[in-house]
Amino acid sequence: MRQVIVLCTLQILLAVVVRADVQFDRYFTDATIRVDYYHTGTKGEERFSMDRSYREGPWPGSRTRLLDTLNLGEFLVRVYDQATNVLLYSRGFSSMFQEWQTTDEAATGAYRTFEETVRFPFPRRTVQVTIARRDKRMVFHDLFSLTINPDDPTMVNKEKTTTAFPVVPLMSNGPSTEKVDILILGDGYAKDDMEKFRKDAEHFNSVMFSTKPFSKHKKDFNVWTIEVQSDESGIDVPDKNVWKRNALGSQYNTFGSARYVLIADNRRLRDIAASAPYDYLCILVNDTRYGGGGIFNLYATTYTKEQNEGQRWQMDYVYVHEFGHSFAGLGDEYYGSSTAYNDFYPVGIEPWEPNITALLDKKNVKWKDLVTTGTELPTSWGKATYDSLEAERGKLDRLAPDYYTKREPLQKAALEILKTPDVVGKVGAFEGAGYAAKGLYRPSVDCRMFSLSTVDFDPVCSAAIERVVEMYTK
Ligand SMILES: [Zn+2]
């Protein structure tokens with residue numbers, strides 16, 4: 001009897017899967033559509049305007065899980081079949097624009113424009129695309145809406161996507177529609193640096209897949225590389241007046257922060273990336289200054305040249321940390337370190353990031369199911385001592401030649417606090433997260449999103465990562 005029930009359940013499951021696939025074929029072809037638009041504004045004000053759409057290669061995402069149920073990201077793109085109003089696709093994401101809105105420059109009322117992209121399966125008939133943003137209660141409201149007729153030649157560019165650069169698979173585990181596809185691109189690698197790029201891609205990829213929980217899910221990922229060649233070695237370092245003709249246009253000093261590496265030239269990046277299947281982009285930057293960046297569903301960047309041999313592990317830390325932002329929307333759990341943001345997390349508002357809470361309702365903390373039995377919320381830890389060590393570290397000049405020598409004892413003592421036996425491995429609510437020493441809490445005393453160390457992700461971040469893996473592989 002039991003076996004019959006199991007069989008029936010299996011049949012129902014199969015029917016659901018098949019139906020979802022039929023649904024895909026009914027509304028979409030096998031290709032991808034890329035919609036580029038401009039996002040313009042200042043603090044408290046924004047506008048969107050259409051640029052152009054492109055037909056790209058095969059759709060690399062899931063064909064059965066088209067709707068995003070994770071509720072992550074500042075923005076949400078939704079695609080509706082225009083004739084029937086059926087919601088066909090949705091995906092949460094974040095943007096450079098929203099980060100820029102929290103800078104001093106935006107606070108002066110200056111206006112800026114950023115290029116952005118959304119991608120979804122290529123529709124068979126006219127679709128309506130909307131972009132929504134969260135309000136302060138975290139509820140989404142539509143800000144932009146456009147109609148795309150896939151057969152309108154003035155609307156969709158159908159040139160074949162090609163690139164002059166070789167596309168090389170690094171890790172292949174199955175069809176793209178059933179795997180998470182990561183695409184690694186190099187920036188600032190000149191002709192003679194290509195061997196370094198290949199080694200870097202292999203190195204950082206093996207670092208990622210030896211970090212939990214990625215190590216457990218290696219078989220769920222494909223990894224591709226594009227051997228992008230730049231005219232010159234290195235990338236722009238604006239505060240040092242160093243300017244390079246690097247192919248993807250990545251640069252340090254994003255929003256005035258020396259170590260923040262992002263790419264403002266989205267179209268150039270997307271044109272090159274279009275020749276490989278990808279769900280997520282990682283950009284390796286062939287430069288020496290400590291730095292990187294990661295924005296949810298946009299991309300992650302990492303520096304790949306460390307002058308100080310003893311500090312090479314820092315690049316490994318950065319690569320996986322930044323991927324945590326871009327892959328699972330994880331927030332920075334650290335605080336005390338200088339950033340270019342003002343009120344990144346407004347007081348009294350519960351952030352959407354899965355690993356940061358304002359603890360407005362102690363009984364219903366969002367990672368309630370993972371809290372270690374008997375753990376008090378908030379959870380006490382050696383914060384006062386940790387803060388005094390961090391304050392000392394904060395006074396050091398990051399770019400000074402003796403920075404590492406001076407930093408080491410302070411860092412060592414701070415890391416010791418994070419290894420205190422009565423808090424290690426516990427899930428609770430530890431005060432200090434999201435750039436704020438007070439009022440925001442993280443799930444564990446330490447995590448890849450907290451300390452500058454190669455520690456694994458904590459249980460809450462790991463669960464968030466696994467939910468994303470599932471969305472791309474089922
Ligand atoms: Zn970060």
# chains A, B, ... in the order shown; residues from 1 in each chain; ligands from 1
>>> residues_near_ligand(ligand="ligand 1", cutoff="8 Å", atoms="only C-alpha atoms and all ligand atoms", output="PyMOL selection string")
chain A and resi 293-294+321-322+325+331-333+449
>>> write_last_selection(atoms="C-alpha atoms", output="PDB file, in the first residue's frame")
ATOM      1  CA  GLY A 293      32.743  44.057  -5.111  1.00  0.00           C
ATOM      2  CA  GLY A 294      29.546  42.072  -5.382  1.00  0.00           C
ATOM      3  CA  HIS A 321      32.776  36.751   0.024  1.00  0.00           C
ATOM      4  CA  GLU A 322      31.827  38.832  -3.026  1.00  0.00           C
ATOM      5  CA  HIS A 325      26.678  39.001  -2.211  1.00  0.00           C
ATOM      6  CA  GLY A 331      24.595  41.335   3.279  1.00  0.00           C
ATOM      7  CA  ASP A 332      27.892  42.435   4.774  1.00  0.00           C
ATOM      8  CA  GLU A 333      27.899  41.325   8.378  1.00  0.00           C
ATOM      9  CA  MET A 449      30.380  37.665   5.393  1.00  0.00           C
TER      10      MET A 449
END
>>> residues_around(residues="stretch 67-82 of chain A", least_positions_apart="4", cutoff="7 Å", atoms="only C-alpha atoms", output="ChimeraX atom specification")
/A:86-94,126-134,296,329,352-353
>>> select_by_dssp(residues="stretch 272-350 of chain A", states="strand (DSSP E or B)", output="ChimeraX atom specification")
/A:280-285,292-295,299-303
>>> closest_atom_pairs(of="stretch 180-235 of chain A", to="stretch 261-279 of chain A", cutoff="8 Å", atoms="only C-alpha atoms", output="CSV")
residue,atom,partner,partner_atom,distance
A:Val180,CA,A:Asp279,CA,6.3
A:Asp181,CA,A:Tyr278,CA,4.9
A:Ile182,CA,A:Tyr278,CA,5.5
A:Leu183,CA,A:Tyr278,CA,5.5
A:Leu185,CA,A:Ala273,CA,7.8
A:Trp224,CA,A:Ala276,CA,7.2
A:Ile226,CA,A:Ala273,CA,7.6
>>> closest_residue(among="A:Phe327, A:Phe28, A:Tyr404, A:Tyr345", to="A:Gln307", atoms="only C-alpha atoms")
A:Tyr404
>>> closest_residue(among="A:Val139, A:Arg112, A:Leu146, A:Arg63", to="A:Met50", atoms="only C-alpha atoms")
A:Leu146
